[in-house]
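Asker: Sharing final-v7.cif here; it has mmCIF, C-alpha atoms.
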data_data
loop_
_atom_site.group_PDB
_atom_site.id
_atom_site.type_symbol
_atom_site.label_atom_id
_atom_site.label_comp_id
_atom_site.auth_asym_id
_atom_site.auth_seq_id
_atom_site.Cartn_x
_atom_site.Cartn_y
_atom_site.Cartn_z
ATOM 1 C CA MET B 9 4.550 -18.553 -8.781
ATOM 2 C CA GLY B 10 7.806 -18.034 -10.586
ATOM 3 C CA GLY B 11 10.831 -16.340 -9.062
ATOM 4 C CA SER B 12 13.533 -14.292 -10.717
ATOM 5 C CA GLY B 13 15.402 -11.009 -10.688
ATOM 6 C CA GLN B 14 15.452 -9.222 -7.347
ATOM 7 C CA GLY B 15 13.363 -11.861 -5.615
ATOM 8 C CA GLY B 16 15.963 -14.639 -5.571
ATOM 9 C CA GLU B 17 16.099 -17.990 -7.314
ATOM 10 C CA GLY B 18 12.546 -19.315 -7.332
ATOM 11 C CA ARG B 19 10.959 -21.275 -4.502
ATOM 12 C CA GLY B 20 13.422 -21.861 -1.725
ATOM 13 C CA GLY B 21 15.960 -19.507 -3.323
ATOM 14 C CA ARG B 22 17.989 -16.983 -1.395
ATOM 15 C CA LEU B 23 16.168 -13.741 -0.713
ATOM 16 C CA PRO B 24 17.657 -10.247 -0.817
ATOM 17 C CA ARG B 25 18.213 -8.083 2.221
ATOM 18 C CA PRO B 26 16.341 -4.742 2.154
ATOM 19 C CA GLY B 27 18.047 -2.328 -0.190
ATOM 20 C CA SER B 28 19.308 -4.902 -2.690
ATOM 21 C CA GLY B 29 15.970 -5.003 -4.491
ATOM 22 C CA LEU B 30 14.654 -1.520 -3.658
ATOM 23 C CA GLY B 31 16.269 1.683 -4.819
ATOM 24 C CA ASN B 32 17.510 3.774 -1.904
ATOM 25 C CA ALA B 33 17.466 7.476 -2.656
ATOM 26 C CA ALA B 34 18.610 8.196 0.881
ATOM 27 C CA ALA B 35 18.835 6.464 4.219
ATOM 28 C CA GLY B 36 15.318 7.551 5.110
ATOM 29 C CA GLY B 37 13.774 6.875 1.725
ATOM 30 C CA ARG B 38 12.455 9.299 -0.872
ATOM 31 C CA ALA B 39 9.622 11.780 -0.584
ATOM 32 C CA ALA B 40 7.222 11.275 -3.480
ATOM 33 C CA SER B 41 6.654 14.398 -5.566
ATOM 34 C CA THR B 42 3.334 16.212 -5.308
ATOM 35 C CA ALA B 43 2.686 16.047 -9.061
ATOM 36 C CA GLY B 44 1.403 12.719 -10.255
ATOM 37 C CA PRO B 45 1.519 10.370 -7.227
ATOM 38 C CA LEU B 46 -1.402 8.329 -5.908
ATOM 39 C CA ARG B 47 -1.119 7.180 -2.293
ATOM 40 C CA CYS B 48 -3.030 4.121 -1.134
ATOM 41 C CA ARG B 49 -3.987 3.394 2.481
ATOM 42 C CA ALA B 50 -4.854 -0.004 3.938
ATOM 43 C CA GLY B 51 -7.637 -1.717 2.031
ATOM 44 C CA PRO B 52 -8.048 0.146 -1.272
ATOM 45 C CA ARG B 53 -6.514 -1.079 -4.518
ATOM 46 C CA ALA B 54 -5.056 1.322 -7.047
ATOM 47 C CA PRO B 55 -4.912 -0.118 -10.589
ATOM 48 C CA VAL B 56 -3.360 2.229 -13.134
ATOM 49 C CA ALA B 57 -2.485 1.964 -16.805
ATOM 50 C CA GLY B 58 -1.354 5.500 -17.565
ATOM 51 C CA GLY B 59 -2.964 8.944 -17.592
ATOM 52 C CA SER B 60 -1.988 11.641 -15.086
ATOM 53 C CA ILE B 61 -0.871 9.079 -12.488
ATOM 54 C CA SER B 62 2.868 8.461 -12.732
ATOM 55 C CA ILE B 63 3.626 7.194 -9.217
ATOM 56 C CA LEU B 64 1.740 4.687 -7.067
ATOM 57 C CA GLY B 65 2.692 4.218 -3.451
ATOM 58 C CA SER B 66 1.782 3.597 0.141
ATOM 59 C CA ASP B 67 3.440 4.110 3.506
ATOM 60 C CA ASP B 68 2.878 3.743 7.268
ATOM 61 C CA ALA B 69 3.017 -0.060 6.923
ATOM 62 C CA THR B 70 4.044 -1.891 10.102
ATOM 63 C CA THR B 71 2.576 -5.406 10.149
ATOM 64 C CA CYS B 72 0.802 -4.616 6.861
ATOM 65 C CA HIS B 73 2.319 -5.552 3.494
ATOM 66 C CA ILE B 74 2.399 -3.409 0.361
ATOM 67 C CA VAL B 75 1.773 -5.426 -2.807
ATOM 68 C CA VAL B 76 2.670 -4.289 -6.316
ATOM 69 C CA LEU B 77 1.510 -6.386 -9.277
ATOM 70 C CA ARG B 78 2.645 -5.298 -12.740
ATOM 71 C CA HIS B 79 2.282 -6.557 -16.294
ATOM 72 C CA THR B 80 5.581 -5.977 -18.068
ATOM 73 C CA GLY B 81 3.963 -5.885 -21.512
ATOM 74 C CA ASN B 82 1.614 -2.926 -21.167
ATOM 75 C CA GLY B 83 2.837 -1.517 -17.855
ATOM 76 C CA ALA B 84 -0.536 -1.942 -16.094
ATOM 77 C CA THR B 85 0.227 -1.687 -12.384
ATOM 78 C CA CYS B 86 -1.823 -2.352 -9.260
ATOM 79 C CA LEU B 87 -0.754 -1.444 -5.729
ATOM 80 C CA THR B 88 -2.580 -2.378 -2.558
ATOM 81 C CA HIS B 89 -1.911 -2.057 1.162
ATOM 82 C CA CYS B 90 -2.890 -5.416 2.703
ATOM 83 C CA ASP B 91 -3.674 -5.659 6.413
ATOM 84 C CA GLY B 92 -4.646 -9.345 6.481
ATOM 85 C CA THR B 93 -8.373 -8.697 6.801
ATOM 86 C CA ASP B 94 -9.341 -10.830 3.796
ATOM 87 C CA THR B 95 -6.246 -11.866 1.869
ATOM 88 C CA LYS B 96 -8.046 -14.745 0.157
ATOM 89 C CA ALA B 97 -10.393 -12.272 -1.554
ATOM 90 C CA GLU B 98 -7.830 -9.493 -1.996
ATOM 91 C CA VAL B 99 -5.378 -11.382 -4.225
ATOM 92 C CA PRO B 100 -7.957 -12.418 -6.878
ATOM 93 C CA LEU B 101 -9.193 -8.809 -6.960
ATOM 94 C CA ILE B 102 -5.644 -7.590 -7.613
ATOM 95 C CA MET B 103 -5.290 -10.157 -10.377
ATOM 96 C CA SER B 104 -8.613 -9.152 -11.946
ATOM 97 C CA ALA B 105 -7.682 -5.471 -11.841
ATOM 98 C CA ILE B 106 -4.465 -6.076 -13.805
ATOM 99 C CA LYS B 107 -6.004 -8.540 -16.259
ATOM 100 C CA SER B 108 -8.773 -6.055 -17.077
ATOM 101 C CA PHE B 109 -6.074 -3.860 -18.648
ATOM 102 C CA SER B 110 -4.268 -6.729 -20.385
ATOM 103 C CA ASP B 111 -4.831 -8.632 -23.601
ATOM 104 C CA HIS B 112 -4.199 -12.370 -23.185
ATOM 105 C CA THR B 113 -2.174 -12.353 -26.407
ATOM 106 C CA GLU B 114 -0.012 -9.456 -25.260
ATOM 107 C CA CYS B 115 3.686 -10.129 -24.716
ATOM 108 C CA GLY B 116 5.028 -9.753 -21.210
ATOM 109 C CA ARG B 117 4.586 -11.376 -17.813
ATOM 110 C CA LEU B 118 3.069 -10.701 -14.406
ATOM 111 C CA GLU B 119 5.549 -9.604 -11.737
ATOM 112 C CA VAL B 120 4.790 -9.181 -8.039
ATOM 113 C CA HIS B 121 6.658 -7.239 -5.356
ATOM 114 C CA LEU B 122 5.932 -7.747 -1.634
ATOM 115 C CA VAL B 123 7.261 -5.304 0.961
ATOM 116 C CA GLY B 124 6.392 -4.765 4.620
ATOM 117 C CA GLY B 125 5.995 -6.308 8.023
ATOM 118 C CA PHE B 126 8.647 -7.068 10.634
ATOM 119 C CA SER B 127 9.318 -9.566 13.426
ATOM 120 C CA ASP B 128 6.403 -8.475 15.614
ATOM 121 C CA ASP B 129 5.614 -10.236 18.884
ATOM 122 C CA ARG B 130 2.195 -11.447 17.719
ATOM 123 C CA GLN B 131 3.624 -12.826 14.435
ATOM 124 C CA LEU B 132 0.963 -10.977 12.444
ATOM 125 C CA SER B 133 3.528 -10.086 9.783
ATOM 126 C CA GLN B 134 4.614 -13.696 9.392
ATOM 127 C CA LYS B 135 1.008 -14.828 9.045
ATOM 128 C CA LEU B 136 0.283 -12.212 6.370
ATOM 129 C CA THR B 137 3.446 -13.121 4.438
ATOM 130 C CA HIS B 138 2.393 -16.768 4.320
ATOM 131 C CA GLN B 139 -1.163 -15.842 3.310
ATOM 132 C CA LEU B 140 -0.033 -13.658 0.411
ATOM 133 C CA LEU B 141 2.501 -16.158 -0.942
ATOM 134 C CA SER B 142 -0.045 -18.971 -0.647
ATOM 135 C CA GLU B 143 -2.818 -17.051 -2.416
ATOM 136 C CA PHE B 144 -0.590 -15.886 -5.272
ATOM 137 C CA ASP B 145 0.640 -19.453 -5.670
ATOM 138 C CA LYS B 146 -2.970 -20.642 -6.091
ATOM 139 C CA GLN B 147 -3.610 -18.396 -9.099
ATOM 140 C CA ASP B 148 -3.865 -20.016 -12.525
ATOM 141 C CA ASP B 149 -1.552 -17.458 -14.145
ATOM 142 C CA ASP B 150 2.238 -17.571 -13.948
ATOM 143 C CA ILE B 151 3.344 -14.862 -11.510
ATOM 144 C CA HIS B 152 7.012 -14.022 -11.081
ATOM 145 C CA LEU B 153 8.112 -13.030 -7.590
ATOM 146 C CA VAL B 154 10.615 -10.230 -8.166
ATOM 147 C CA THR B 155 10.937 -8.508 -4.795
ATOM 148 C CA LEU B 156 10.428 -10.076 -1.371
ATOM 149 C CA CYS B 157 11.287 -7.755 1.506
ATOM 150 C CA VAL B 158 8.942 -8.855 4.288
ATOM 151 C CA THR B 159 8.801 -9.793 7.971
ATOM 152 C CA GLU B 160 12.266 -10.885 9.193
ATOM 153 C CA LEU B 161 13.835 -9.615 5.962
ATOM 154 C CA ASN B 162 12.462 -6.148 6.771
ATOM 155 C CA ASP B 163 13.260 -6.170 10.488
ATOM 156 C CA ARG B 164 15.608 -4.115 12.610
ATOM 157 C CA GLU B 165 16.109 -4.234 16.364
ATOM 158 C CA GLU B 166 16.676 -1.268 18.652
ATOM 159 C CA ASN B 167 16.764 -1.412 22.457
ATOM 160 C CA GLU B 168 15.300 -4.929 22.308
ATOM 161 C CA ASN B 169 12.320 -3.682 20.299
ATOM 162 C CA HIS B 170 11.676 -4.626 16.673
ATOM 163 C CA PHE B 171 10.773 -2.170 13.900
ATOM 164 C CA PRO B 172 10.299 -2.315 10.130
ATOM 165 C CA ILE B 173 13.221 -1.082 8.050
ATOM 166 C CA ILE B 174 10.939 0.021 5.213
ATOM 167 C CA TYR B 175 7.553 1.574 6.014
ATOM 168 C CA GLY B 176 6.605 2.698 2.521
ATOM 169 C CA ILE B 177 7.370 2.249 -1.152
ATOM 170 C CA ALA B 178 6.477 3.855 -4.463
ATOM 171 C CA VAL B 179 6.502 2.483 -7.998
ATOM 172 C CA ASN B 180 7.014 4.479 -11.170
ATOM 173 C CA ILE B 181 4.474 2.913 -13.521
ATOM 174 C CA LYS B 182 6.386 4.026 -16.618
ATOM 175 C CA THR B 183 9.870 2.818 -15.672
ATOM 176 C CA ALA B 184 8.862 0.069 -13.174
ATOM 177 C CA GLU B 185 11.355 1.470 -10.634
ATOM 178 C CA ILE B 186 10.402 0.649 -7.043
ATOM 179 C CA TYR B 187 11.934 2.597 -4.185
ATOM 180 C CA ARG B 188 11.483 3.441 -0.519
ATOM 181 C CA ALA B 189 9.179 6.414 -0.119
ATOM 182 C CA SER B 190 7.072 8.539 2.200
ATOM 183 C CA PHE B 191 4.124 10.706 1.198
ATOM 184 C CA GLN B 192 3.449 14.239 2.377
ATOM 185 C CA ASP B 193 0.368 14.562 0.175
ATOM 186 C CA HIS B 194 -2.192 12.092 1.511
ATOM 187 C CA GLY B 195 -4.926 12.943 -0.962
ATOM 188 C CA PRO B 196 -8.284 14.733 -0.591
ATOM 189 C CA GLU B 197 -10.424 14.550 2.559
ATOM 190 C CA GLU B 198 -7.667 12.821 4.512
ATOM 191 C CA GLN B 199 -9.292 13.214 7.934
ATOM 192 C CA LEU B 200 -12.643 11.984 6.639
ATOM 193 C CA ARG B 201 -11.092 8.866 5.101
ATOM 194 C CA ALA B 202 -9.017 8.238 8.222
ATOM 195 C CA ALA B 203 -12.109 8.622 10.418
ATOM 196 C CA ARG B 204 -13.981 6.069 8.302
ATOM 197 C CA ALA B 205 -11.118 3.590 8.646
ATOM 198 C CA LEU B 206 -10.793 4.199 12.385
ATOM 199 C CA ALA B 207 -14.533 3.829 12.996
ATOM 200 C CA GLY B 208 -14.578 0.553 11.091
ATOM 201 C CA GLY B 209 -12.405 -1.416 13.506
ATOM 202 C CA PRO B 210 -11.694 -1.774 17.242
ATOM 203 C CA ASN B 211 -7.893 -1.452 17.081
ATOM 204 C CA LEU B 212 -5.884 1.732 16.666
ATOM 205 C CA SER B 213 -2.733 -0.194 15.775
ATOM 206 C CA THR B 214 -1.544 -3.785 15.517
ATOM 207 C CA SER B 215 1.953 -2.708 16.643
ATOM 208 C CA PRO B 216 1.908 0.606 18.567
ATOM 209 C CA LEU B 217 5.605 0.539 19.506
ATOM 210 C CA ALA B 218 6.648 0.262 15.867
ATOM 211 C CA GLU B 219 4.486 3.020 14.429
ATOM 212 C CA PRO B 220 6.204 5.989 12.693
ATOM 213 C CA PRO B 221 6.620 9.227 14.706
ATOM 214 C CA HIS B 222 3.611 10.991 13.166
ATOM 215 C CA PHE B 223 1.182 8.182 14.078
ATOM 216 C CA VAL B 224 0.060 9.697 17.407
ATOM 217 C CA GLU B 225 -0.647 13.107 15.876
ATOM 218 C CA HIS B 226 -2.540 11.425 13.032
ATOM 219 C CA ILE B 227 -4.783 9.525 15.479
ATOM 220 C CA ARG B 228 -5.299 12.646 17.588
ATOM 221 C CA SER B 229 -6.415 14.731 14.609
ATOM 222 C CA THR B 230 -8.705 11.920 13.441
ATOM 223 C CA LEU B 231 -10.366 11.662 16.847
ATOM 224 C CA MET B 232 -10.825 15.437 16.917
ATOM 225 C CA PHE B 233 -12.470 15.209 13.493
ATOM 226 C CA LEU B 234 -14.878 12.537 14.792
ATOM 227 C CA LYS B 235 -15.690 14.723 17.787
ATOM 228 C CA ARG B 236 -16.393 17.681 15.502
ATOM 229 C CA PHE B 237 -18.503 15.636 13.066
ATOM 230 C CA PRO B 238 -20.145 12.804 15.057
ATOM 231 C CA SER B 239 -22.805 12.438 12.334
ATOM 232 C CA PRO B 240 -21.115 13.637 9.145
ATOM 233 C CA ALA B 241 -23.757 12.512 6.634
ATOM 234 C CA ASN B 242 -25.850 15.708 6.609
ATOM 235 C CA ILE B 243 -22.962 18.156 7.034
ATOM 236 C CA LEU B 244 -20.281 16.677 4.788
ATOM 237 C CA PHE B 245 -22.581 14.951 2.296
ATOM 238 C CA PRO B 246 -25.487 17.355 1.694
ATOM 239 C CA GLY B 247 -28.276 15.674 -0.180
ATOM 240 C CA ASN B 248 -26.480 12.363 0.292
ATOM 241 C CA LYS B 249 -24.243 13.228 -2.667
ATOM 242 C CA ALA B 250 -20.727 11.844 -2.955
ATOM 243 C CA LEU B 251 -17.610 14.008 -2.747
ATOM 244 C CA LEU B 252 -15.882 13.620 -6.099
ATOM 245 C CA TYR B 253 -12.267 14.401 -6.955
ATOM 246 C CA LYS B 254 -10.093 13.816 -9.979
ATOM 247 C CA LYS B 255 -6.447 14.258 -10.911
ATOM 248 C CA ASN B 256 -5.809 17.235 -13.164
ATOM 249 C CA GLU B 257 -3.149 17.451 -15.858
ATOM 250 C CA ASP B 258 -0.575 18.499 -13.267
ATOM 251 C CA GLY B 259 -1.284 15.387 -11.197
ATOM 252 C CA LEU B 260 -3.001 17.334 -8.415
ATOM 253 C CA TRP B 261 -6.398 16.526 -6.883
ATOM 254 C CA GLU B 262 -9.269 18.864 -7.642
ATOM 255 C CA LYS B 263 -12.889 18.706 -6.536
ATOM 256 C CA ILE B 264 -15.530 18.246 -9.214
ATOM 257 C CA SER B 265 -19.289 18.552 -9.184
ATOM 258 C CA PRO B 266 -21.386 15.331 -9.408
ATOM 259 C CA GLY B 267 -22.506 16.267 -12.909
ATOM 260 C CA ASN B 268 -18.987 16.402 -14.371
#
Reformat the file's structure so that it appears as structure tokens.

Answerer:
Amino acid sequence: MGGSGQGGEGRGGRLPRPGSGLGNAAAGGRAASTAGPLRCRAGPRAPVAGGSISILGSDDATTCHIVVLRHTGNGATCLTHCDGTDTKAEVPLIMSAIKSFSDHTECGRLEVHLVGGFSDDRQLSQKLTHQLLSEFDKQDDDIHLVTLCVTELNDREENENHFPIIYGIAVNIKTAEIYRASFQDHGPEEQLRAARALAGGPNLSTSPLAEPPHFVEHIRSTLMFLKRFPSPANILFPGNKALLYKKNEDGLWEKISPGN
């Protein structure tokens, strides 16, 4: 893995403090616009090479890390929110997603940005940082580490408790600008997707003291959704048909019929 630009001076080089490698629109970050952004929660990958999507981003990351991989030649960009569940499989999938948009003869290079985590008591952030750097280093392709703002480099202390400095980022796929961000538009069927994620694991949070202020309300509304729809298959998916959405020309989600 190569290192240059905002990420320091290669392996063992000095790393930037938060803010030196990420654009700060304001002390609290920037709210992503409603037209054109795509927000990614923990687990999914969002590869994009143009179209109506202009902004990729994710937020609410505590021990999780947000990974942005971009090919500078054609601008193909992939963002994922890694929680450490299966980092060994996740990194090759990110690589494959970007390479599927890229011609091997195309000029440019692969650049990676890693943001997230803090100095948590269980050292989950530190473990995930090491996993990601190790897995990217194992790839056959040259990958240039441009931004590294993770774990202790993204840590602040308040009243003897540790918190992340940056919870979310967004990347402009056309200009390659990366900046701190939060998302008010969480995409279609937010409660349904949150309920699926919550039902899939035993833990509500890996770091409850460090969660953003809206975390409790988010969990409460998700639990109320599960109470209202304990068996959602027949009610929310009539005929076992998928709920399909697409981005329109204005960058907003709209529901489409299965036949479209």

Asker: Selection in question (the file shown): the PyMOL selection byres ((chain B and resi 156) around 6). Which residues does it include, as a ChimeraX atom specification?

Answerer: /B:15,122,155,157-158

Asker: Mind writing the picked residues with C-alpha atoms as a short mmCIF file (atom, residue, chain, number, x, y, z; two decimals), in the frame of the given file?

Answerer:
data_model
loop_
_atom_site.label_atom_id
_atom_site.label_comp_id
_atom_site.auth_asym_id
_atom_site.auth_seq_id
_atom_site.Cartn_x
_atom_site.Cartn_y
_atom_site.Cartn_z
CA GLY B 15 13.36 -11.86 -5.62
CA LEU B 122 5.93 -7.75 -1.63
CA THR B 155 10.94 -8.51 -4.80
CA CYS B 157 11.29 -7.76 1.51
CA VAL B 158 8.94 -8.86 4.29
#

Asker: Would you work out the distance separating atom CA of B:Leu101 from atom CA of B:Ala178, expressed in Å to one decimal?

Answerer: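 Computing the Euclidean distance for atom CA of B:Leu101 and atom CA of B:Ala178 yields 20.3 Å.
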
Asker: Kindly resolve the PyMOL selection byres ((chain B and resi 147) around 9) on the present coordinates and return the residues as a tab-separated table (two decimals) with C-alpha atoms, keeping the file's coordinate frame.

Answerer:
chain	number	residue	atom	x	y	z
B	9	MET	CA	4.55	-18.55	-8.78
B	99	VAL	CA	-5.38	-11.38	-4.22
B	100	PRO	CA	-7.96	-12.42	-6.88
B	103	MET	CA	-5.29	-10.16	-10.38
B	143	GLU	CA	-2.82	-17.05	-2.42
B	144	PHE	CA	-0.59	-15.89	-5.27
B	145	ASP	CA	0.64	-19.45	-5.67
B	146	LYS	CA	-2.97	-20.64	-6.09
B	148	ASP	CA	-3.86	-20.02	-12.52
B	149	ASP	CA	-1.55	-17.46	-14.14
B	150	ASP	CA	2.24	-17.57	-13.95
B	151	ILE	CA	3.34	-14.86	-11.51

Asker: Looking at all atoms listed in the file, which of B:Lys182, B:His89, B:Arg188, B:His170 is the one that sits closest to B:Gln131?

Answerer: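 Using all atoms listed in the file, the shortest distance to B:Gln131 belongs to B:His170.
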
Asker: At what distance in Å, to one decimal, does atom CA of B:Leu64 lie from atom CA of B:Gln134?

Answerer: 24.8 Å

Asker: When you draw a straight line from atom CA of B:His121 to atom CA of B:Val154, how long is it in Å?

Answerer: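 Separation between atom CA of B:His121 and atom CA of B:Val154: 5.7 Å.
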
Asker: What's the 7 Å shell around B:Tyr175, counting only C-alpha atoms, without same-chain residues fewer than 5 positions away, as a ChimeraX atom specification?

Answerer: /B:67-70,124

Asker: B:Ser133, B:Ser190, B:Ser142, B:Ser215: which is nearest B:Asn169, counting all atoms listed in the file?

Answerer: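 Residue with the minimum atom-to-atom distance to B:Asn169: B:Ser215.
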